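Heads up, my_file-v4.cif below (mmCIF, C-alpha atoms):
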```
data_run
loop_
_atom_site.label_atom_id
_atom_site.label_comp_id
_atom_site.auth_asym_id
_atom_site.auth_seq_id
_atom_site.Cartn_x
_atom_site.Cartn_y
_atom_site.Cartn_z
CA MET U 238 209.59 138.05 93.94
CA SER U 239 213.18 138.61 95.07
CA GLU U 240 215.39 135.62 95.88
CA GLU U 241 216.01 137.27 99.25
CA CYS U 242 212.26 137.39 100.01
CA THR U 243 211.52 136.73 103.68
CA HIS U 244 207.77 136.30 102.99
CA ASP U 245 207.11 138.97 105.63
CA CYS U 246 205.22 141.59 103.58
CA SER U 247 204.71 143.89 106.56
CA THR U 248 208.38 144.93 106.53
CA CYS U 249 208.96 144.83 102.79
CA SER U 250 209.17 147.88 100.51
CA SER U 251 208.96 145.90 97.26
CA ASN U 252 205.86 146.08 95.09
CA CYS U 253 205.80 142.52 93.84
CA ALA U 254 202.72 140.53 92.83
CA SER U 255 202.87 138.44 96.00
CA LYS U 256 202.75 141.52 98.20
CA LYS U 257 199.80 142.97 96.32
CA GLU U 258 197.92 139.72 96.70
CA SER U 259 198.60 139.69 100.44
CA LEU U 260 197.10 143.19 100.86
CA LEU U 261 193.77 142.38 99.23
CA ALA U 262 190.97 142.57 101.76
CA PRO U 263 188.24 139.93 101.81
CA ASN U 264 184.80 141.23 100.98
CA ASN U 265 181.83 140.66 103.27
CA ALA U 266 181.12 136.96 103.76
CA TYR U 267 177.54 137.47 102.58
CA SER U 268 178.51 139.32 99.40
CA SER U 269 179.07 137.92 95.93
CA ILE U 270 180.63 140.55 93.68
CA GLY U 271 181.43 140.06 90.01
CA LYS U 272 183.42 142.73 88.15
CA VAL U 273 184.88 145.70 90.06
CA ILE U 274 185.78 148.82 88.08
CA GLY U 275 187.57 151.89 89.46
CA ILE U 276 186.69 155.31 88.02
CA VAL U 277 189.76 157.51 88.39
CA SER U 278 191.40 160.76 87.33
CA GLY U 279 194.68 162.51 87.93
CA LYS U 280 192.82 165.68 89.02
CA GLY U 281 189.48 166.77 90.41
CA GLY U 282 186.57 168.44 88.71
CA VAL U 283 186.39 166.25 85.60
CA GLY U 284 183.17 164.42 86.47
CA LYS U 285 184.19 161.05 87.91
CA SER U 286 181.00 160.77 89.96
CA MET U 287 178.88 161.52 86.90
CA VAL U 288 180.70 158.88 84.85
CA THR U 289 180.47 156.38 87.72
CA SER U 290 176.73 156.95 88.02
CA MET U 291 176.08 156.80 84.27
CA MET U 292 178.03 153.55 83.96
CA ALA U 293 176.06 151.97 86.81
CA ILE U 294 172.74 153.16 85.33
CA THR U 295 173.65 151.85 81.87
CA MET U 296 174.60 148.42 83.21
CA ASN U 297 171.49 148.36 85.38
CA ARG U 298 169.32 148.93 82.30
CA ARG U 299 170.85 145.76 80.86
CA GLU U 300 169.22 143.90 83.75
CA LEU U 301 172.55 143.49 85.53
CA LYS U 302 172.83 143.99 89.28
CA THR U 303 174.93 147.10 89.91
CA ALA U 304 176.52 148.80 92.90
CA ILE U 305 178.56 151.92 93.62
CA LEU U 306 181.19 152.14 96.34
CA ASP U 307 181.71 155.86 96.90
CA ALA U 308 185.38 156.11 97.86
CA ASP U 309 185.42 159.91 97.57
CA ILE U 310 185.00 160.27 101.34
CA THR U 311 185.53 164.04 101.62
CA GLY U 312 183.42 164.87 98.57
CA PRO U 313 180.68 162.24 98.38
CA SER U 314 178.08 163.10 95.75
CA ILE U 315 176.70 159.72 94.67
CA PRO U 316 173.73 159.71 97.12
CA LYS U 317 172.66 163.16 95.86
CA ILE U 318 172.84 162.03 92.22
CA PHE U 319 170.58 159.04 92.92
CA GLY U 320 168.29 160.75 95.42
CA VAL U 321 169.02 158.29 98.24
CA LYS U 322 169.34 159.27 101.89
CA GLY U 323 170.62 157.69 105.08
CA PRO U 324 171.11 156.60 107.62
CA VAL U 325 171.85 153.07 106.44
CA THR U 326 171.29 150.22 108.86
CA GLY U 327 172.98 146.94 109.61
CA ASP U 328 172.63 143.56 111.28
CA ASP U 329 174.81 140.56 112.01
CA LYS U 330 175.58 140.24 108.28
CA GLY U 331 177.05 143.74 108.10
CA ILE U 332 176.03 147.20 106.92
CA ALA U 333 173.19 147.21 104.39
CA PRO U 334 173.78 149.60 101.47
CA ALA U 335 171.14 152.05 100.33
CA VAL U 336 169.25 151.07 97.19
CA SER U 337 168.20 153.53 94.48
CA LYS U 338 164.73 153.56 92.92
CA MET U 339 165.99 151.49 89.98
CA GLY U 340 167.91 149.04 92.16
CA THR U 341 171.53 150.22 92.25
CA LYS U 342 173.14 149.57 95.65
CA ILE U 343 175.11 152.47 97.11
CA MET U 344 177.46 152.95 100.03
CA SER U 345 178.76 156.44 100.76
CA LEU U 346 179.85 158.35 103.82
CA ASN U 347 176.94 160.74 103.27
CA LEU U 348 174.67 157.83 104.18
CA LEU U 349 176.32 157.62 107.61
CA VAL U 350 176.63 161.25 108.74
CA PRO U 351 173.75 163.15 110.46
CA GLU U 352 173.39 165.64 107.59
CA GLU U 353 174.65 165.52 104.01
CA THR U 354 176.41 168.88 104.51
CA THR U 355 178.41 167.60 107.51
CA PRO U 356 182.12 168.01 106.63
CA VAL U 357 184.54 165.12 107.01
CA VAL U 358 187.59 166.50 108.80
CA TRP U 359 189.68 163.34 108.96
CA ARG U 360 193.29 162.51 108.26
CA GLY U 361 194.29 160.27 105.39
CA PRO U 362 194.68 156.93 107.25
CA VAL U 363 191.20 157.23 108.78
CA ILE U 364 189.67 158.02 105.38
CA ALA U 365 191.50 155.10 103.77
CA GLY U 366 190.34 152.77 106.54
CA THR U 367 186.73 153.83 105.99
CA VAL U 368 186.95 152.99 102.29
CA LYS U 369 188.33 149.57 103.12
CA GLN U 370 185.41 148.98 105.51
CA PHE U 371 182.97 149.80 102.71
CA TRP U 372 184.40 146.71 101.01
CA THR U 373 184.77 144.39 104.02
CA ASP U 374 181.83 145.37 106.24
CA VAL U 375 179.03 146.16 103.78
CA TYR U 376 176.59 143.39 102.94
CA TRP U 377 176.43 143.88 99.16
CA ASP U 378 174.64 140.57 98.47
CA GLN U 379 174.61 139.72 94.74
CA VAL U 380 176.34 142.25 92.47
CA ASP U 381 177.31 141.78 88.81
CA TRP U 382 179.12 145.09 88.33
CA MET U 383 180.51 147.34 91.07
CA PHE U 384 181.87 150.79 90.23
CA VAL U 385 184.23 152.52 92.67
CA ASP U 386 184.06 156.33 92.57
CA MET U 387 187.63 157.28 93.49
CA PRO U 388 188.88 160.60 94.82
CA PRO U 389 191.22 162.50 92.50
CA GLY U 390 194.98 162.08 92.47
CA THR U 391 197.30 159.35 93.69
CA GLY U 392 197.16 159.69 97.48
CA ASP U 393 196.15 157.50 100.40
CA VAL U 394 192.64 156.58 99.30
CA PRO U 395 193.38 155.63 95.66
CA LEU U 396 196.35 153.63 96.91
CA THR U 397 194.14 151.84 99.45
CA VAL U 398 191.60 150.98 96.76
CA PHE U 399 194.28 149.68 94.39
CA GLN U 400 195.87 147.55 97.11
CA SER U 401 192.82 146.38 99.08
CA ILE U 402 190.08 145.86 96.50
CA PRO U 403 190.51 143.37 93.61
CA LEU U 404 189.93 145.76 90.72
CA ASP U 405 189.32 144.17 87.33
CA GLY U 406 190.36 147.44 85.72
CA ILE U 407 189.99 151.21 85.78
CA ILE U 408 188.40 153.84 83.57
CA ILE U 409 190.20 157.18 83.37
CA VAL U 410 188.01 160.29 83.19
CA THR U 411 189.36 163.45 81.65
CA SER U 412 188.38 166.64 79.80
CA PRO U 413 189.25 168.02 76.34
CA GLN U 414 191.81 170.55 77.59
CA GLU U 415 195.54 170.23 76.93
CA LEU U 416 195.90 169.28 80.59
CA VAL U 417 194.52 165.87 79.56
CA SER U 418 197.98 164.50 78.82
CA MET U 419 199.18 165.04 82.39
CA ILE U 420 195.89 163.79 83.89
CA VAL U 421 195.94 160.55 81.93
CA ALA U 422 199.67 160.00 82.47
CA LYS U 423 199.32 160.13 86.27
CA ALA U 424 196.44 157.65 86.30
CA VAL U 425 198.05 155.28 83.79
CA ARG U 426 201.36 155.18 85.62
CA MET U 427 199.71 154.52 88.97
CA ALA U 428 197.70 151.68 87.44
CA GLN U 429 200.87 150.24 85.93
CA LEU U 430 202.63 150.37 89.30
CA MET U 431 199.72 148.49 90.87
CA ASN U 432 199.35 146.01 87.97
CA VAL U 433 195.74 147.03 87.30
CA PRO U 434 194.51 147.12 83.66
CA VAL U 435 193.40 150.43 82.17
CA LEU U 436 190.19 149.68 80.27
CA GLY U 437 189.96 153.01 78.49
CA ILE U 438 189.29 156.74 78.69
CA VAL U 439 186.04 158.67 79.00
CA GLU U 440 186.12 162.31 77.93
CA ASN U 441 183.68 164.49 79.85
CA PHE U 442 182.61 168.03 78.77
CA SER U 443 183.49 166.88 75.27
CA TYR U 444 181.26 169.32 73.38
CA LEU U 445 178.09 171.39 73.59
CA LYS U 446 175.34 170.72 71.07
CA CYS U 447 173.61 173.86 69.84
CA PRO U 448 169.90 173.59 70.69
CA ASP U 449 168.96 175.45 67.48
CA CYS U 450 171.10 173.94 64.74
CA GLY U 451 172.54 170.82 66.39
CA LYS U 452 176.15 171.83 65.71
CA GLU U 453 178.70 170.42 68.15
CA ILE U 454 180.70 173.26 69.73
CA SER U 455 184.09 172.55 71.34
CA VAL U 456 183.72 174.84 74.34
CA PHE U 457 187.15 173.98 75.77
CA GLY U 458 188.93 173.96 72.43
CA PRO U 459 189.99 171.02 70.28
CA SER U 460 190.00 167.65 72.01
CA HIS U 461 193.35 165.98 72.67
CA VAL U 462 191.97 162.70 73.97
CA ASP U 463 192.54 160.70 70.79
CA GLU U 464 196.24 161.51 70.60
CA VAL U 465 196.74 160.79 74.29
CA ALA U 466 194.81 157.53 74.01
CA ALA U 467 197.01 156.53 71.07
CA GLU U 468 200.16 157.40 73.04
CA TYR U 469 199.22 154.91 75.77
CA GLY U 470 197.47 152.37 73.55
CA LEU U 471 194.06 152.99 75.12
CA ASP U 472 190.51 153.08 73.77
CA VAL U 473 188.27 156.14 74.03
CA LEU U 474 185.16 154.57 75.52
CA ALA U 475 182.83 157.58 75.45
CA ARG U 476 182.58 161.31 74.87
CA ILE U 477 180.04 162.95 77.17
CA PRO U 478 178.62 166.31 76.05
CA ILE U 479 177.93 169.33 78.22
CA ASP U 480 174.23 168.70 78.78
CA PRO U 481 172.16 170.91 81.11
CA THR U 482 169.54 168.14 81.24
CA LEU U 483 171.99 165.77 82.91
CA ALA U 484 173.05 168.44 85.41
CA ASN U 485 169.41 169.16 86.23
CA LEU U 486 168.66 165.47 86.80
CA CYS U 487 171.67 165.21 89.15
CA ASP U 488 170.42 168.21 91.14
CA LYS U 489 167.01 166.55 91.47
CA GLY U 490 168.51 163.18 92.46
CA ALA U 491 166.99 161.63 89.36
CA LEU U 492 169.88 160.79 87.02
CA GLU U 493 168.36 157.32 86.57
CA LEU U 494 165.77 159.02 84.34
CA MET U 495 168.44 160.10 81.83
CA GLU U 496 167.44 159.49 78.23
CA CYS U 497 170.85 159.70 76.56
CA ASP U 498 172.69 156.54 75.47
CA VAL U 499 176.17 158.05 75.49
CA MET U 500 177.60 155.30 77.74
CA GLU U 501 176.28 152.33 75.74
CA ALA U 502 179.52 151.92 73.76
CA ALA U 503 181.51 152.04 77.00
CA ALA U 504 179.30 149.34 78.51
CA ASP U 505 179.74 147.21 75.39
CA ALA U 506 183.51 147.61 75.64
CA LEU U 507 183.60 146.59 79.31
CA GLU U 508 181.51 143.49 78.71
CA THR U 509 183.76 142.51 75.80
CA LYS U 510 187.08 143.23 77.51
CA LEU U 511 186.09 141.45 80.75
CA ALA U 512 184.08 138.58 79.25
#
```
Starting from the file, lay out its structure as structure tokens.
Amino acid sequence: MSEECTHDCSTCSSNCASKKESLLAPNNAYSSIGKVIGIVSGKGGVGKSMVTSMMAITMNRRELKTAILDADITGPSIPKIFGVKGPVTGDDKGIAPAVSKMGTKIMSLNLLVPEETTPVVWRGPVIAGTVKQFWTDVYWDQVDWMFVDMPPGTGDVPLTVFQSIPLDGIIIVTSPQELVSMIVAKAVRMAQLMNVPVLGIVENFSYLKCPDCGKEISVFGPSHVDEVAAEYGLDVLARIPIDPTLANLCDKGALELMECDVMEAAADALETKLA
């Protein structure tokens, strides 16, 4: 905090710890939320929603109460992955989230619109305000682990999440391509600016396993995630293969039936880091 601080954060351009604290929004009075993890990436198309869903499912299988706040307002896919539909309802406690077959609580804009294909043609401030309301107005009840599926990049909505929701850390999702260095750098630097810990990296589309011989094929070329992780002192939490079975389960709204254990090491790491 500057010695010239006037304690009026509304007119201040500094990014000090006191200002960040003042911007945090209170969650719903009837909610009790444990750890909150943001799933981020510097670009789109790397599978953040898949990673978010798989993390929630993995924690849920450990008999922990899980929830997903779908902050990707213009591209919400979480309800489709879990096979849940709206509209959600509410009462004097707030908006009640949808609940998947296995018990994961979900709030997404696609649970509020008339049809899941209805486009969201909103400007940034309105989208950011909606995400904030998912935190303040939704009656989440008891949650051990909440995962926030963030939109790509470093714009209005990611900034709103970083400033308004008390994140315990973020997971960066990337792919094996050489572009990984730029993707990770953007996410790491934003997290550093906002004083939010980076818990590690998950590499999606890591390899394709041959159905005949079991050989792992690097479809996108050699992975660069280890060298980038070393550059920023980060752990590689998981490597997710290209698996048509997972894609098929997502299309059917049945990802909770996945049989792979690829996210178990990531779940172990989170529980250890945030114990």
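What separates CA of Ile479 (chain U) from CA of Met291 (chain U) is a distance of 14.0 Å.
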For region 354-366 of chain U: contacts at 12 Å, only C-alpha atoms, fewer than 3 positions along chain excluded, given as an NGL selection string: :U and (262 or 307-314 or 317 or 345-351 or 369-374 or 387-388 or 392-402)
Point-to-point distance in Å for CA of Thr303 (chain U) and CA of Ser337 (chain U):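 Atom-to-atom, CA of Ser337 (chain U) to CA of Thr303 (chain U), that is 10.4 Å.
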Atom-to-atom span, CA of Pro403 (chain U) and CA of Met431 (chain U), Å: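 Distance reported for this atom pair: 10.9 Å.
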Return as a PDB file with C-alpha atoms, keeping the file's coordinate frame the set of residues that the PyMOL selection byres ((chain U and resi 405) around 8) yields on the displayed structure.
```
ATOM      1  CA  LYS U 272     183.420 142.730  88.150  1.00  0.00           C
ATOM      2  CA  VAL U 273     184.880 145.700  90.060  1.00  0.00           C
ATOM      3  CA  ILE U 274     185.780 148.820  88.080  1.00  0.00           C
ATOM      4  CA  PRO U 403     190.510 143.370  93.610  1.00  0.00           C
ATOM      5  CA  LEU U 404     189.930 145.760  90.720  1.00  0.00           C
ATOM      6  CA  GLY U 406     190.360 147.440  85.720  1.00  0.00           C
ATOM      7  CA  ILE U 407     189.990 151.210  85.780  1.00  0.00           C
ATOM      8  CA  VAL U 433     195.740 147.030  87.300  1.00  0.00           C
ATOM      9  CA  PRO U 434     194.510 147.120  83.660  1.00  0.00           C
ATOM     10  CA  LEU U 511     186.090 141.450  80.750  1.00  0.00           C
TER      11      LEU U 511
END
```
